[in-house]
$ cat final-v5.txt   # compact mmCIF, C-alpha atoms
# COMPACT_ATOMS: atom_id res chain seq x y z
CA MET K 1 0.00 0.00 0.00
CA SER K 2 1.16 3.55 -0.69
CA TYR K 3 1.54 6.11 2.06
CA ARG K 4 2.07 9.81 2.59
CA ILE K 5 4.81 11.35 4.75
CA PHE K 6 3.91 14.41 6.80
CA THR K 7 5.90 16.73 9.01
CA ASP K 8 5.30 20.16 10.52
CA ALA K 9 6.86 23.49 9.62
CA THR K 10 9.05 23.41 12.72
CA SER K 11 11.19 20.93 10.79
CA ASP K 12 12.26 23.85 8.57
CA LEU K 13 12.51 21.29 5.76
CA PRO K 14 13.43 23.39 2.70
CA ALA K 15 10.56 23.67 0.21
CA THR K 16 12.66 22.22 -2.62
CA PHE K 17 13.37 19.06 -0.60
CA ALA K 18 9.75 18.75 0.50
CA GLU K 19 8.62 18.93 -3.13
CA GLN K 20 11.28 16.54 -4.44
CA LEU K 21 10.61 13.97 -1.71
CA GLN K 22 6.81 14.48 -1.73
CA VAL K 23 6.62 15.38 1.95
CA SER K 24 3.57 17.33 3.12
CA VAL K 25 4.48 20.11 5.56
CA LEU K 26 1.83 21.41 7.96
CA PRO K 27 1.96 25.13 8.83
CA MET K 28 2.90 26.45 12.27
CA GLY K 29 1.27 29.60 13.57
CA PHE K 30 2.65 32.62 15.37
CA THR K 31 1.36 35.96 16.57
CA MET K 32 3.28 39.21 16.16
CA GLU K 33 1.97 42.68 16.99
CA GLU K 34 -1.44 41.12 17.70
CA LYS K 35 -1.72 39.68 14.19
CA GLU K 36 -1.71 35.96 13.41
CA TYR K 37 0.54 34.45 10.72
CA PHE K 38 1.33 30.99 9.39
CA TYR K 39 4.80 29.76 8.60
CA ILE K 40 5.81 27.10 6.08
CA PRO K 41 9.41 27.05 4.81
CA GLY K 42 9.60 29.05 1.61
CA ARG K 43 6.06 30.41 1.76
CA SER K 44 5.36 32.08 5.06
CA ASP K 45 2.71 34.78 5.49
CA MET K 46 5.56 37.00 6.68
CA PRO K 47 8.98 36.85 4.98
CA ILE K 48 11.46 35.29 7.38
CA GLU K 49 13.78 38.30 6.92
CA THR K 50 10.99 40.60 8.12
CA PHE K 51 10.32 38.34 11.09
CA TYR K 52 13.90 38.65 12.35
CA GLU K 53 14.06 42.38 11.58
CA LYS K 54 11.03 42.86 13.81
CA MET K 55 12.59 40.74 16.56
CA ARG K 56 15.76 42.84 16.42
CA ALA K 57 13.56 45.93 16.79
CA GLY K 58 12.16 44.51 20.03
CA VAL K 59 8.95 42.90 18.78
CA SER K 60 8.11 39.56 20.43
CA ALA K 61 6.48 36.58 18.74
CA ILE K 62 4.15 34.05 20.35
CA THR K 63 4.19 30.61 18.73
CA ALA K 64 1.28 28.18 18.47
CA GLN K 65 1.13 24.42 18.09
CA VAL K 66 -0.76 22.56 15.37
CA ASN K 67 -4.18 21.52 16.70
CA ALA K 68 -5.92 18.16 16.23
CA PHE K 69 -8.44 19.61 13.76
CA THR K 70 -5.63 20.66 11.40
CA PHE K 71 -4.19 17.14 11.51
CA ILE K 72 -7.60 15.62 10.79
CA GLU K 73 -8.08 17.97 7.82
CA ALA K 74 -4.67 16.96 6.46
CA PHE K 75 -4.78 13.21 7.15
CA GLU K 76 -8.39 12.33 6.32
CA PRO K 77 -8.31 12.89 2.51
CA VAL K 78 -5.21 10.68 2.35
CA LEU K 79 -6.84 7.90 4.36
CA LYS K 80 -10.05 8.23 2.35
CA SER K 81 -8.07 7.75 -0.87
CA GLY K 82 -6.70 4.45 0.42
CA GLU K 83 -3.24 5.60 1.51
CA ASP K 84 -1.60 5.31 4.93
CA VAL K 85 0.02 8.12 6.93
CA LEU K 86 3.42 8.58 8.54
CA TYR K 87 3.83 11.80 10.53
CA ILE K 88 7.21 12.82 11.98
CA GLY K 89 6.69 15.66 14.43
CA PHE K 90 8.33 18.34 16.58
CA SER K 91 9.74 17.21 19.94
CA SER K 92 6.97 16.67 22.48
CA LYS K 93 9.23 18.27 25.13
CA LEU K 94 9.11 21.57 23.24
CA SER K 95 5.54 21.62 21.90
CA GLY K 96 2.16 19.93 22.25
CA THR K 97 1.92 19.45 18.48
CA VAL K 98 2.70 15.72 18.54
CA GLN K 99 0.03 15.15 21.19
CA SER K 100 -2.49 16.83 18.87
CA ALA K 101 -1.39 14.41 16.14
CA PHE K 102 -1.89 11.42 18.45
CA SER K 103 -5.40 12.65 19.28
CA ALA K 104 -6.22 13.07 15.58
CA ALA K 105 -4.79 9.63 14.78
CA GLU K 106 -6.92 8.00 17.48
CA GLU K 107 -10.08 9.59 16.11
CA LEU K 108 -9.26 8.76 12.49
CA SER K 109 -8.19 5.18 13.24
CA ALA K 110 -11.68 4.50 14.58
CA LYS K 111 -13.18 5.95 11.40
CA TYR K 112 -10.75 4.22 8.99
CA PRO K 113 -9.88 0.90 10.69
CA ASP K 114 -8.27 -0.53 7.54
CA ARG K 115 -5.74 2.27 7.28
CA LYS K 116 -2.49 2.72 9.21
CA ILE K 117 -1.47 5.99 10.89
CA PHE K 118 1.99 6.28 12.44
CA VAL K 119 2.74 9.32 14.61
CA ILE K 120 6.37 9.68 15.70
CA ASP K 121 7.80 12.09 18.25
CA SER K 122 11.10 12.97 16.58
CA CYS K 123 12.61 14.29 19.85
CA SER K 124 14.08 16.85 17.43
CA ALA K 125 13.69 20.47 16.45
CA SER K 126 14.23 22.78 13.48
CA LEU K 127 16.49 21.38 10.76
CA GLY K 128 17.41 18.48 13.04
CA GLU K 129 13.82 17.33 12.64
CA GLY K 130 14.08 18.30 8.98
CA LEU K 131 17.23 16.22 8.49
CA LEU K 132 15.52 13.18 10.02
CA VAL K 133 12.56 13.66 7.65
CA TYR K 134 14.95 14.14 4.72
CA TYR K 135 16.80 10.88 5.40
CA ALA K 136 13.54 9.02 6.06
CA ALA K 137 11.83 10.25 2.88
CA ARG K 138 14.71 8.91 0.81
CA LYS K 139 13.78 5.42 2.03
CA ARG K 140 10.34 5.30 0.42
CA ASP K 141 11.10 1.85 -0.96
CA LEU K 142 10.41 0.60 2.57
CA SER K 143 6.88 -0.21 3.68
CA VAL K 144 5.24 2.34 5.97
CA GLU K 145 5.70 -0.05 8.91
CA ALA K 146 9.39 -0.57 8.14
CA LEU K 147 10.02 3.15 7.64
CA ALA K 148 8.26 4.03 10.90
CA LYS K 149 10.47 1.50 12.67
CA TRP K 150 13.60 2.95 11.01
CA VAL K 151 12.67 6.44 12.20
CA GLU K 152 12.08 5.24 15.77
CA ASP K 153 15.31 3.25 15.77
CA ASN K 154 17.47 6.07 14.35
CA LYS K 155 15.93 9.37 15.50
CA LEU K 156 18.32 9.78 18.44
CA ARG K 157 21.28 9.63 16.06
CA PHE K 158 20.27 12.96 14.52
CA VAL K 159 22.45 15.42 16.38
CA HIS K 160 21.69 19.11 17.04
CA TRP K 161 24.22 21.76 18.11
CA PHE K 162 23.10 25.38 18.56
CA THR K 163 24.59 28.67 19.64
CA VAL K 164 22.98 32.10 20.02
CA ASP K 165 24.54 35.53 19.66
CA ASP K 166 22.32 37.52 22.02
CA LEU K 167 20.86 36.03 25.20
CA VAL K 168 18.13 38.67 25.40
CA TYR K 169 15.79 36.41 23.42
CA LEU K 170 16.30 33.42 25.74
CA LYS K 171 15.72 35.80 28.65
CA ARG K 172 12.45 37.06 27.10
CA GLY K 173 11.25 33.48 26.79
CA GLY K 174 12.06 32.74 30.43
CA ARG K 175 14.74 30.19 29.57
CA ILE K 176 17.44 32.11 31.45
CA SER K 177 17.28 34.80 34.15
CA GLY K 178 17.88 38.47 33.52
CA ALA K 179 20.93 38.39 35.78
CA THR K 180 22.46 35.48 33.86
CA ALA K 181 21.85 37.22 30.54
CA ALA K 182 23.38 40.46 31.81
CA ILE K 183 26.53 38.81 33.17
CA ALA K 184 26.99 36.70 30.03
CA THR K 185 26.61 39.78 27.84
CA ILE K 186 29.22 41.72 29.80
CA LEU K 187 31.68 38.81 29.64
CA ASN K 188 30.84 38.04 25.98
CA ILE K 189 29.84 34.49 26.98
CA LYS K 190 28.02 32.44 24.35
CA PRO K 191 26.14 29.24 25.19
CA VAL K 192 26.57 26.05 23.17
CA MET K 193 23.38 23.99 23.36
CA HIS K 194 22.00 20.75 22.01
CA VAL K 195 18.80 18.73 21.94
CA ASP K 196 19.12 15.77 24.29
CA ASN K 197 17.72 12.24 24.01
CA GLU K 198 14.43 13.29 25.57
CA GLY K 199 13.99 16.16 23.14
CA TYR K 200 14.81 19.05 25.47
CA LEU K 201 17.01 21.96 24.42
CA VAL K 202 19.79 22.07 27.02
CA ALA K 203 23.02 24.01 27.56
CA ALA K 204 26.21 21.96 27.17
CA GLU K 205 28.97 24.54 27.63
CA LYS K 206 29.77 28.24 27.65
CA VAL K 207 32.54 29.78 25.56
CA GLN K 208 33.86 33.31 25.29
CA GLY K 209 33.32 35.02 21.96
CA ARG K 210 31.19 34.47 18.90
CA LYS K 211 33.83 32.86 16.70
CA LYS K 212 34.70 30.33 19.42
CA SER K 213 31.04 29.40 19.85
CA LEU K 214 30.70 28.78 16.11
CA ARG K 215 33.87 26.71 16.10
CA ALA K 216 32.52 24.76 19.08
CA LEU K 217 29.63 23.49 16.94
CA PHE K 218 32.09 21.97 14.50
CA ASP K 219 34.32 20.64 17.31
CA ARG K 220 31.31 18.82 18.73
CA MET K 221 30.55 17.36 15.31
CA GLU K 222 34.07 15.96 15.00
CA LYS K 223 33.61 14.03 18.25
CA THR K 224 30.49 12.07 17.33
CA VAL K 225 29.79 12.31 13.57
CA ASP K 226 29.17 9.01 11.82
CA THR K 227 30.96 9.61 8.53
CA GLY K 228 29.59 6.39 7.08
CA ALA K 229 25.98 7.43 7.72
CA THR K 230 26.18 11.20 7.11
CA ASP K 231 26.04 12.10 3.44
CA THR K 232 24.14 15.36 4.02
CA VAL K 233 24.56 17.99 6.74
CA PHE K 234 22.08 20.77 7.46
CA ILE K 235 23.14 24.12 8.92
CA GLY K 236 20.45 26.54 10.05
CA HIS K 237 20.55 30.19 11.03
CA CYS K 238 18.36 33.06 12.17
CA ALA K 239 19.42 36.01 9.98
CA ALA K 240 23.08 35.01 10.40
CA ALA K 241 24.01 33.72 6.95
CA ALA K 242 27.68 34.70 7.10
CA ASP K 243 28.22 32.90 10.41
CA ALA K 244 26.39 29.83 9.10
CA GLU K 245 28.64 29.83 6.03
CA TYR K 246 31.69 29.98 8.30
CA VAL K 247 30.55 26.75 9.99
CA ALA K 248 29.70 25.26 6.59
CA GLY K 249 33.23 26.01 5.42
CA LEU K 250 34.71 24.10 8.36
CA VAL K 251 32.53 21.08 7.55
CA ARG K 252 33.26 21.17 3.82
CA GLU K 253 37.00 21.40 4.42
CA LYS K 254 37.12 18.43 6.81
CA TYR K 255 34.42 16.32 5.14
CA PRO K 256 34.46 17.11 1.40
CA ALA K 257 32.32 14.09 0.53
CA MET K 258 29.37 15.46 2.51
CA THR K 259 26.75 17.73 1.01
CA VAL K 260 26.25 20.78 3.23
CA HIS K 261 22.95 22.65 2.96
CA VAL K 262 22.53 26.03 4.67
CA ASP K 263 19.03 27.39 5.26
CA ASP K 264 16.82 29.48 7.54
CA ILE K 265 15.65 28.47 10.97
CA GLY K 266 11.96 29.26 10.99
CA THR K 267 9.63 31.06 13.35
CA SER K 268 8.85 28.24 15.80
CA VAL K 269 12.42 27.96 17.09
CA GLY K 270 13.62 31.40 16.00
CA ALA K 271 10.96 33.14 18.09
CA HIS K 272 12.70 31.77 21.20
CA SER K 273 16.38 31.68 20.20
CA GLY K 274 16.37 34.95 18.27
CA PRO K 275 18.42 36.51 15.45
CA GLY K 276 22.02 35.35 15.43
CA THR K 277 21.23 31.71 16.15
CA VAL K 278 23.35 29.20 14.22
CA ALA K 279 22.83 25.43 14.36
CA LEU K 280 24.56 22.35 12.95
CA PHE K 281 22.80 19.03 12.30
CA PHE K 282 24.25 15.65 11.29
CA VAL K 283 24.05 11.90 11.91
CA GLY K 284 26.18 10.79 14.84
CA SER K 285 26.96 7.84 17.05
CA GLU K 286 25.01 9.59 19.82
CA ARG K 287 23.55 12.97 20.67
$ encode --input "final-v5.txt" --output "structure tokens"
Amino acid sequence: MSYRIFTDATSDLPATFAEQLQVSVLPMGFTMEEKEYFYIPGRSDMPIETFYEKMRAGVSAITAQVNAFTFIEAFEPVLKSGEDVLYIGFSSKLSGTVQSAFSAAEELSAKYPDRKIFVIDSCSASLGEGLLVYYAARKRDLSVEALAKWVEDNKLRFVHWFTVDDLVYLKRGGRISGATAAIATILNIKPVMHVDNEGYLVAAEKVQGRKKSLRALFDRMEKTVDTGATDTVFIGHCAAAADAEYVAGLVREKYPAMTVHVDDIGTSVGAHSGPGTVALFFVGSER
């Protein structure tokens, strides 16, 4: 039986890849200046450049999860046509979106008992989630059951390393205290963070200076990258293209056989990490 692969816009899966691999991407909402917008990579209601310009000007964004009704609207026509569904979603530790998908799947399974619906918590975020979807979608020769099992078995090998340039955005979101942000700013301290095995975004180390924090992403990659499994690396950024290209250059120089794709981090993660965020994603032996 044929099946359809879904993900959400938090995956930041580039539109060209989504089209080539026939992946359906569900929009994520956000509110800015009391107006609601929807974000899908490559076709957001608000250009991503405008989004980060507004954040730099002091405007905050409130993000919203995908609700069960949206999942039902997306999944039901596929099930009705005789296809199955595989949805790979944003970490449940960072959003309630996956829980909405489970609720929708339960309702639709009762209505379409002959169809299969697989909902997977990727324990991933941004282009780390996108990289998992990208690798999975290239295995369409597998049955939906086999592909769902592959995703579950391999999702914790998709490694995320982040750094931010300005801690004011983490402070606004309540992820660090005002005192911590102030001291770190004075000392030019930059956090290096990752997404752990449970799907939480956690701090791993603090380094002094922007260039060192960017280099730290690559240093972390060198320690755990599985060169036999990684043929494509994703690098994401929030209005920090030059810094992302610096990291890309380090990867390309050390691992010339790998394809390195640099793209935007979207609104769901960018609203919390802020302009200046740079992230590196690859397949590793562990997170």
$ closest_residue --input "final-v5.txt" --among "K:Tyr200, K:Phe282, K:Phe234, K:Tyr255" --to "Leu94 (chain K)" --atoms "only C-alpha atoms"
K:Tyr200
$ atom_distance --input "final-v5.txt" --atom1 "CA of Ile48 (chain K)" --atom2 "CA of Pro275 (chain K)"
10.7 Å
$ closest_residue --input "final-v5.txt" --among "K:Met193, K:Leu147, K:Leu131, K:Ile72" --to "Asp231 (chain K)" --atoms "only C-alpha atoms"
K:Leu131
$ residues_around --input "final-v5.txt" --residues "Lys223 (chain K)" --least-positions-apart "6" --cutoff "12 Å" --atoms "all atoms listed in the file" --output "ChimeraX atom specification"
/K:159,216-217,282-287
$ write_last_selection --input "final-v5.txt" --atoms "C-alpha atoms" --output "short mmCIF file (atom, residue, chain, number, x, y, z; two decimals), in the frame of the given file"
data_model
loop_
_atom_site.label_atom_id
_atom_site.label_comp_id
_atom_site.auth_asym_id
_atom_site.auth_seq_id
_atom_site.Cartn_x
_atom_site.Cartn_y
_atom_site.Cartn_z
CA VAL K 159 22.45 15.42 16.38
CA ALA K 216 32.52 24.76 19.08
CA LEU K 217 29.63 23.49 16.94
CA PHE K 282 24.25 15.65 11.29
CA VAL K 283 24.05 11.90 11.91
CA GLY K 284 26.18 10.79 14.84
CA SER K 285 26.96 7.84 17.05
CA GLU K 286 25.01 9.59 19.82
CA ARG K 287 23.55 12.97 20.67
#
$ residues_around --input "final-v5.txt" --residues "Glu152 (chain K)" --least-positions-apart "6" --cutoff "10 Å" --atoms "only C-alpha atoms" --output "PyMOL selection string"
chain K and resi 88+120-123+146
$ closest_residue --input "final-v5.txt" --among "K:Ala64, K:Val78, K:Ala9, K:Val251" --to "Ser44 (chain K)" --atoms "all atoms listed in the file"
K:Ala9
$ residues_around --input "final-v5.txt" --residues "Glu49 (chain K)" --least-positions-apart "3" --cutoff "9 Å" --atoms "all atoms listed in the file" --output "PyMOL selection string"
chain K and resi 46+52-54+238-239
$ closest_residue --input "final-v5.txt" --among "K:Ile40, K:Leu79, K:Ile117, K:Leu127" --to "Trp161 (chain K)" --atoms "only C-alpha atoms"
K:Leu127
$ residues_around --input "final-v5.txt" --residues "Ala136 (chain K)" --least-positions-apart "3" --cutoff "9 Å" --atoms "all atoms listed in the file" --output "ChimeraX atom specification"
/K:131-133,139-140,147-148,150-151
$ build_atoms --input "final-v5.txt" --residues "region 145-156 of chain K" --atoms "all heavy atoms" --output "mmCIF file, in the frame of the given file"
data_model
loop_
_atom_site.group_PDB
_atom_site.id
_atom_site.type_symbol
_atom_site.label_atom_id
_atom_site.label_comp_id
_atom_site.auth_asym_id
_atom_site.auth_seq_id
_atom_site.Cartn_x
_atom_site.Cartn_y
_atom_site.Cartn_z
ATOM 1 N N GLU K 145 5.344 0.529 7.610
ATOM 2 C CA GLU K 145 5.700 -0.050 8.910
ATOM 3 C C GLU K 145 7.222 -0.066 9.099
ATOM 4 O O GLU K 145 7.733 0.287 10.168
ATOM 5 C CB GLU K 145 5.164 -1.476 9.042
ATOM 6 C CG GLU K 145 3.654 -1.598 9.013
ATOM 7 C CD GLU K 145 3.103 -1.809 7.613
ATOM 8 O OE1 GLU K 145 3.837 -1.576 6.622
ATOM 9 O OE2 GLU K 145 1.929 -2.201 7.511
ATOM 10 N N ALA K 146 7.930 -0.479 8.052
ATOM 11 C CA ALA K 146 9.390 -0.570 8.140
ATOM 12 C C ALA K 146 10.017 0.818 8.266
ATOM 13 O O ALA K 146 10.993 1.000 9.013
ATOM 14 C CB ALA K 146 9.944 -1.289 6.916
ATOM 15 N N LEU K 147 9.467 1.803 7.568
ATOM 16 C CA LEU K 147 10.020 3.150 7.640
ATOM 17 C C LEU K 147 9.757 3.762 9.023
ATOM 18 O O LEU K 147 10.637 4.420 9.595
ATOM 19 C CB LEU K 147 9.446 4.042 6.551
ATOM 20 C CG LEU K 147 10.064 5.445 6.469
ATOM 21 C CD1 LEU K 147 11.585 5.379 6.327
ATOM 22 C CD2 LEU K 147 9.469 6.242 5.318
ATOM 23 N N ALA K 148 8.562 3.538 9.555
ATOM 24 C CA ALA K 148 8.260 4.030 10.900
ATOM 25 C C ALA K 148 9.220 3.432 11.915
ATOM 26 O O ALA K 148 9.710 4.128 12.814
ATOM 27 C CB ALA K 148 6.819 3.705 11.269
ATOM 28 N N LYS K 149 9.521 2.149 11.765
ATOM 29 C CA LYS K 149 10.470 1.500 12.670
ATOM 30 C C LYS K 149 11.865 2.085 12.500
ATOM 31 O O LYS K 149 12.586 2.319 13.486
ATOM 32 C CB LYS K 149 10.501 -0.014 12.425
ATOM 33 C CG LYS K 149 11.407 -0.765 13.401
ATOM 34 C CD LYS K 149 11.380 -2.254 13.153
ATOM 35 C CE LYS K 149 12.164 -3.006 14.240
ATOM 36 N NZ LYS K 149 13.555 -2.527 14.395
ATOM 37 N N TRP K 150 12.275 2.357 11.258
ATOM 38 C CA TRP K 150 13.600 2.950 11.010
ATOM 39 C C TRP K 150 13.707 4.306 11.694
ATOM 40 O O TRP K 150 14.735 4.621 12.312
ATOM 41 C CB TRP K 150 13.853 3.089 9.515
ATOM 42 C CG TRP K 150 15.218 3.649 9.223
ATOM 43 C CD1 TRP K 150 16.378 2.959 9.055
ATOM 44 C CD2 TRP K 150 15.565 5.046 9.126
ATOM 45 N NE1 TRP K 150 17.434 3.821 8.852
ATOM 46 C CE2 TRP K 150 16.966 5.107 8.886
ATOM 47 C CE3 TRP K 150 14.840 6.238 9.202
ATOM 48 C CZ2 TRP K 150 17.644 6.317 8.745
ATOM 49 C CZ3 TRP K 150 15.514 7.443 9.069
ATOM 50 C CH2 TRP K 150 16.908 7.476 8.834
ATOM 51 N N VAL K 151 12.653 5.112 11.568
ATOM 52 C CA VAL K 151 12.670 6.440 12.200
ATOM 53 C C VAL K 151 12.800 6.313 13.715
ATOM 54 O O VAL K 151 13.611 6.999 14.339
ATOM 55 C CB VAL K 151 11.422 7.254 11.813
ATOM 56 C CG1 VAL K 151 11.383 8.569 12.588
ATOM 57 C CG2 VAL K 151 11.402 7.533 10.316
ATOM 58 N N GLU K 152 12.007 5.432 14.310
ATOM 59 C CA GLU K 152 12.080 5.240 15.770
ATOM 60 C C GLU K 152 13.459 4.747 16.190
ATOM 61 O O GLU K 152 14.010 5.189 17.195
ATOM 62 C CB GLU K 152 11.007 4.254 16.234
ATOM 63 C CG GLU K 152 9.602 4.810 16.244
ATOM 64 C CD GLU K 152 9.340 5.767 17.390
ATOM 65 O OE1 GLU K 152 10.292 6.125 18.124
ATOM 66 O OE2 GLU K 152 8.183 6.179 17.556
ATOM 67 N N ASP K 153 14.016 3.842 15.413
ATOM 68 C CA ASP K 153 15.310 3.250 15.770
ATOM 69 C C ASP K 153 16.483 4.216 15.601
ATOM 70 O O ASP K 153 17.516 4.065 16.257
ATOM 71 C CB ASP K 153 15.575 2.000 14.912
ATOM 72 C CG ASP K 153 14.677 0.832 15.268
ATOM 73 O OD1 ASP K 153 14.024 0.879 16.334
ATOM 74 O OD2 ASP K 153 14.612 -0.126 14.469
ATOM 75 N N ASN K 154 16.329 5.213 14.708
ATOM 76 C CA ASN K 154 17.470 6.070 14.350
ATOM 77 C C ASN K 154 17.325 7.530 14.766
ATOM 78 O O ASN K 154 18.293 8.285 14.652
ATOM 79 C CB ASN K 154 17.695 6.005 12.839
ATOM 80 C CG ASN K 154 18.293 4.687 12.405
ATOM 81 O OD1 ASN K 154 19.507 4.483 12.451
ATOM 82 N ND2 ASN K 154 17.424 3.763 11.981
ATOM 83 N N LYS K 155 16.171 7.935 15.270
ATOM 84 C CA LYS K 155 15.930 9.370 15.500
ATOM 85 C C LYS K 155 16.927 9.989 16.494
ATOM 86 O O LYS K 155 17.279 11.168 16.363
ATOM 87 C CB LYS K 155 14.499 9.612 15.953
ATOM 88 C CG LYS K 155 14.131 9.011 17.307
ATOM 89 C CD LYS K 155 12.639 9.180 17.594
ATOM 90 C CE LYS K 155 12.275 8.674 18.967
ATOM 91 N NZ LYS K 155 10.803 8.775 19.208
ATOM 92 N N LEU K 156 17.397 9.217 17.459
ATOM 93 C CA LEU K 156 18.320 9.780 18.440
ATOM 94 C C LEU K 156 19.760 9.845 17.936
ATOM 95 O O LEU K 156 20.666 10.233 18.672
ATOM 96 C CB LEU K 156 18.254 8.995 19.751
ATOM 97 C CG LEU K 156 16.899 9.032 20.464
ATOM 98 C CD1 LEU K 156 16.962 8.308 21.789
ATOM 99 C CD2 LEU K 156 16.416 10.478 20.663
#
